[in-house]
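Have a look at the structure below before the remarks.
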Amino acid sequence: MFGFKRKPPYHIGLALSGGGARGFAHAGALKALAEVGIKPDIVAGVSAGSVAAVLYSSGFKPEDIVDLFKQQSFKQLCELTTPTSGLMRMEGFCKLLRENIVYSNLEDLPIPTVVGVTDFDRGKPVAFSTGDIVTAVSASCSLPIVFKPVEINGTRYVDGGVLHNLPAWAIRKQCRVLIGVNCSPLTSGPTNQNNLIGVALRSYELMAKTNCANDLMMCDIAVHTDAIARYQVFNLKEIEKVYKSGYLETMRTLISLGFRPRKRSIYMR
């Protein structure tokens, strides 16, 4: 009546982008945020970002997220299937999450968590904040062509990065301060496009570069992890390096804004 605006329910929000194995930069970002005393009150993630989000919200420390996947290979998590609407299935990936996350539904997580997906049938972004965790995350990770769309209640969903690779839009109105971490820089120079997966990945990179722009502008603090562009999207062998790079890029951004770590990390020496 008097034009007063209702305060957002959360103080600090964190939006994590997609990026495949580059998503381990998010674990490094979470470590850097913790070291300067920042703890998000709500987290949103897309694709690899949704994996980091649900693991973090379920109680995993940043280094534990890396350790969980460090002994895994891509072949253990995903396997080729009869190519109909997707080349691979992620049975191993889903099993790994179910065996390690002690919560079943998104609404059960101690930290409110949103998973961004794309409604493949209606062509619109959707934000899940309730429902089965693993189903929502697998839908958010289902890169078209590479993986089959995930059906939920009769609707097919694919990778949230198709329309919004950074889910700032999903929680911007719910938090007073929004931090965005983009771990999907565009690989420059010649790329391997001689196979179907290579073409799909390059197409995804180009989409992500374009559709991240508006969401990054919604953020009060935006972290760019350009240094990880040299790491392959499906390569789990260098996740320690990706983790360290994500930490360093985030810490540099935070220090430039006046934040100071409570202790000196081994990565800063």
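All residue names refer to the structure tokens as shown: chains lettered A, B, ... in order, residues numbered from 1 in each chain, ligands numbered from 1 in order.
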> How would you write, as a PyMOL selection string, the set of residues in segment 123-229 of chain A that DSSP gives as strand (DSSP E)?
Replying inline: chain A and resi 124-128+145-147+150-152+155-159+175-182+221-224
> Do you know which residues are at most 10 Å from Gln71 of chain A counting only C-alpha atoms, after dropping those on the same chain fewer than 3 positions away, and could you put them as a PyMOL selection string?
Replying inline: chain A and resi 66-68+76+236-237
Which residues are close to Asp41 of chain A, i.e. within 10 Å by only C-alpha atoms, leaving aside same-chain residues fewer than 4 positions away? Reply as a short mmCIF file (atom, residue, chain, number, x, y, z; two decimals) with N, CA, C and O atoms, in the first residue's frame.
data_model
loop_
_atom_site.label_atom_id
_atom_site.label_comp_id
_atom_site.auth_asym_id
_atom_site.auth_seq_id
_atom_site.Cartn_x
_atom_site.Cartn_y
_atom_site.Cartn_z
N PRO A 9 14.20 -13.18 1.94
CA PRO A 9 14.31 -14.07 3.11
C PRO A 9 15.73 -14.51 3.45
O PRO A 9 16.00 -14.91 4.58
N TYR A 10 16.65 -14.42 2.48
CA TYR A 10 18.02 -14.88 2.72
C TYR A 10 19.01 -13.73 2.54
O TYR A 10 18.80 -12.85 1.71
N HIS A 11 20.07 -13.78 3.32
CA HIS A 11 21.09 -12.73 3.21
C HIS A 11 22.02 -12.99 2.03
O HIS A 11 22.09 -12.20 1.09
N ILE A 12 22.74 -14.13 2.05
CA ILE A 12 23.72 -14.42 1.00
C ILE A 12 23.27 -15.61 0.16
O ILE A 12 22.95 -16.68 0.68
N GLY A 13 23.23 -15.41 -1.13
CA GLY A 13 22.92 -16.48 -2.07
C GLY A 13 24.14 -16.80 -2.92
O GLY A 13 24.98 -15.93 -3.17
N LEU A 14 24.23 -18.05 -3.35
CA LEU A 14 25.36 -18.48 -4.17
C LEU A 14 24.84 -19.22 -5.40
O LEU A 14 24.09 -20.20 -5.26
N SER A 57 25.39 -28.62 0.44
CA SER A 57 24.23 -28.41 1.30
C SER A 57 23.93 -29.63 2.17
O SER A 57 23.29 -29.51 3.22
N PRO A 110 19.83 -29.26 4.72
CA PRO A 110 19.97 -28.23 5.76
C PRO A 110 20.08 -26.81 5.21
O PRO A 110 19.66 -25.85 5.86
N ILE A 111 20.68 -26.66 4.04
CA ILE A 111 20.77 -25.36 3.38
C ILE A 111 19.80 -25.37 2.19
O ILE A 111 19.88 -26.28 1.35
N PRO A 112 18.89 -24.40 2.10
CA PRO A 112 17.97 -24.37 0.96
C PRO A 112 18.74 -24.43 -0.35
O PRO A 112 19.69 -23.67 -0.57
N THR A 113 18.31 -25.32 -1.24
CA THR A 113 19.04 -25.58 -2.47
C THR A 113 18.10 -25.63 -3.66
O THR A 113 17.04 -26.25 -3.60
N CYS A 175 17.52 -13.30 -2.15
CA CYS A 175 18.68 -12.98 -1.32
C CYS A 175 19.09 -11.52 -1.50
O CYS A 175 18.89 -10.93 -2.56
#
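Of the residues under consideration (A:Cys94, A:Val223, A:Cys183, A:Val102), A:Cys183 shows the shortest atom-to-atom contact distance to Ala25 of chain A when counting only C-alpha atoms.
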>> Could you pull out the helix (DSSP H, G or I) residues of segment 81-233 of chain A, going by DSSP on the backbone, and write them as a PyMOL selection string?
In response: chain A and resi 91-100+106-108+133-140+160-162+168-174+196-211+213-218+226-230
>> Excluding Gly161 of chain A and its own-chain neighbours fewer than 3 positions away, which residues fall within 7 Å of it when counting only C-alpha atoms? Please give them as a PyMOL selection string.
In response: chain A and resi 18+46-47+164-165+208
Mind dumping the selected residues with C-alpha atoms as a JSON list (two decimals), in the first residue's frame?
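Below is the file that was written, result-v2.json:
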[["chain", "number", "residue", "atom", "x", "y", "z"],
["A", 18, "GLY", "CA", 27.60, -25.73, -15.22],
["A", 46, "VAL", "CA", 23.12, -25.94, -12.77],
["A", 47, "SER", "CA", 24.64, -29.17, -14.11],
["A", 164, "HIS", "CA", 20.69, -20.46, -18.14],
["A", 165, "ASN", "CA", 24.13, -21.86, -17.39],
["A", 208, "ALA", "CA", 26.84, -21.07, -22.09]]
> Counting only C-alpha atoms, what is within 8 Å of Gly20 of chain A, bar same-chain residues fewer than 3 positions away, as a list of chain:residue names?
Replying inline: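 Answer for this query is A:Gly23, A:Ser47, A:Ala48, A:Val233, A:Phe234.
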Just the selected residues (all heavy atoms), exported as an mmCIF file, in the first residue's frame, please.
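For reference, again_38.cif as written:
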data_model
loop_
_atom_site.group_PDB
_atom_site.id
_atom_site.type_symbol
_atom_site.label_atom_id
_atom_site.label_comp_id
_atom_site.auth_asym_id
_atom_site.auth_seq_id
_atom_site.Cartn_x
_atom_site.Cartn_y
_atom_site.Cartn_z
ATOM 1 N N GLY A 23 33.595 -28.132 -13.058
ATOM 2 C CA GLY A 23 32.766 -27.775 -11.914
ATOM 3 C C GLY A 23 33.451 -27.976 -10.578
ATOM 4 O O GLY A 23 32.965 -27.468 -9.550
ATOM 5 N N SER A 47 23.731 -28.139 -13.616
ATOM 6 C CA SER A 47 24.639 -29.168 -14.110
ATOM 7 C C SER A 47 25.722 -29.476 -13.071
ATOM 8 O O SER A 47 25.408 -29.847 -11.953
ATOM 9 C CB SER A 47 25.232 -28.731 -15.454
ATOM 10 O OG SER A 47 25.793 -29.812 -16.153
ATOM 11 N N ALA A 48 27.004 -29.293 -13.395
ATOM 12 C CA ALA A 48 28.058 -29.554 -12.419
ATOM 13 C C ALA A 48 27.871 -28.706 -11.172
ATOM 14 O O ALA A 48 28.192 -29.134 -10.059
ATOM 15 C CB ALA A 48 29.424 -29.277 -13.041
ATOM 16 N N VAL A 233 36.198 -30.992 -20.373
ATOM 17 C CA VAL A 233 34.937 -31.049 -19.647
ATOM 18 C C VAL A 233 34.682 -32.414 -19.015
ATOM 19 O O VAL A 233 34.096 -32.507 -17.937
ATOM 20 C CB VAL A 233 33.771 -30.673 -20.595
ATOM 21 C CG1 VAL A 233 32.423 -30.900 -19.927
ATOM 22 C CG2 VAL A 233 33.901 -29.212 -21.019
ATOM 23 N N PHE A 234 35.119 -33.497 -19.662
ATOM 24 C CA PHE A 234 34.854 -34.836 -19.145
ATOM 25 C C PHE A 234 36.094 -35.512 -18.553
ATOM 26 O O PHE A 234 36.095 -36.712 -18.339
ATOM 27 C CB PHE A 234 34.282 -35.734 -20.254
ATOM 28 C CG PHE A 234 32.852 -35.419 -20.597
ATOM 29 C CD1 PHE A 234 32.350 -35.727 -21.860
ATOM 30 C CD2 PHE A 234 32.002 -34.845 -19.676
ATOM 31 C CE1 PHE A 234 31.024 -35.446 -22.186
ATOM 32 C CE2 PHE A 234 30.677 -34.560 -19.986
ATOM 33 C CZ PHE A 234 30.181 -34.868 -21.244
#
>> Would you compute the distance between atom CA of Arg172 of chain A and atom CA of Val114 of chain A? Give it in Å to one decimal.
In response: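 So the two atoms, atom CA of Arg172 of chain A and atom CA of Val114 of chain A, lie 11.7 Å apart.
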>> Report as a list in words all protein, DNA and RNA residues lying within 9 Å of Tyr103 of chain A, evaluated on only C-alpha atoms, omitting residues in the same chain fewer than 6 positions from it.
In response: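 Once the adjacent positions are removed, what remains is Ser58, Leu109 and Ile133 of chain A.
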Once you have the residues from the selection above, write them out as an mmCIF file, in the first residue's frame, restricted to all heavy atoms.
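And here is the file that came out, result_1.cif:
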data_model
loop_
_atom_site.group_PDB
_atom_site.id
_atom_site.type_symbol
_atom_site.label_atom_id
_atom_site.label_comp_id
_atom_site.auth_asym_id
_atom_site.auth_seq_id
_atom_site.Cartn_x
_atom_site.Cartn_y
_atom_site.Cartn_z
ATOM 1 N N SER A 58 24.397 -30.795 1.737
ATOM 2 C CA SER A 58 24.158 -32.011 2.520
ATOM 3 C C SER A 58 25.224 -32.219 3.586
ATOM 4 O O SER A 58 25.138 -33.161 4.381
ATOM 5 C CB SER A 58 24.104 -33.236 1.603
ATOM 6 O OG SER A 58 25.375 -33.528 1.051
ATOM 7 N N LEU A 109 17.351 -30.835 2.667
ATOM 8 C CA LEU A 109 18.724 -30.376 2.841
ATOM 9 C C LEU A 109 18.804 -29.257 3.882
ATOM 10 O O LEU A 109 17.942 -28.370 3.914
ATOM 11 C CB LEU A 109 19.296 -29.890 1.507
ATOM 12 C CG LEU A 109 19.522 -30.978 0.451
ATOM 13 C CD1 LEU A 109 19.820 -30.350 -0.907
ATOM 14 C CD2 LEU A 109 20.658 -31.916 0.872
ATOM 15 N N ILE A 133 16.446 -35.549 -4.939
ATOM 16 C CA ILE A 133 17.704 -34.855 -5.226
ATOM 17 C C ILE A 133 18.394 -35.414 -6.463
ATOM 18 O O ILE A 133 18.760 -34.664 -7.381
ATOM 19 C CB ILE A 133 18.659 -34.953 -4.018
ATOM 20 C CG1 ILE A 133 18.110 -34.159 -2.838
ATOM 21 C CG2 ILE A 133 20.057 -34.452 -4.391
ATOM 22 C CD1 ILE A 133 18.884 -34.362 -1.545
#
> Which residues, written as a ChimeraX atom specification, have at least one atom at most 12 Å from Val158 of chain A, with only C-alpha atoms counted and residues fewer than 4 positions away on the same chain left out?
Replying inline: /A:46-47,85-86,115-126,135-152,162-165
>> Report, in Å to a single decimal, how far apart atom CA of Gly131 of chain A and atom CA of Ser184 of chain A are.
In response: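 Separation between atom CA of Ser184 of chain A and atom CA of Gly131 of chain A: 26.8 Å.
Minimum atom-to-atom distance to Leu166 of chain A, evaluated using only C-alpha atoms, belongs to A:Asn182 out of A:Ser50, A:Asn182, A:Asn235, A:Thr210.
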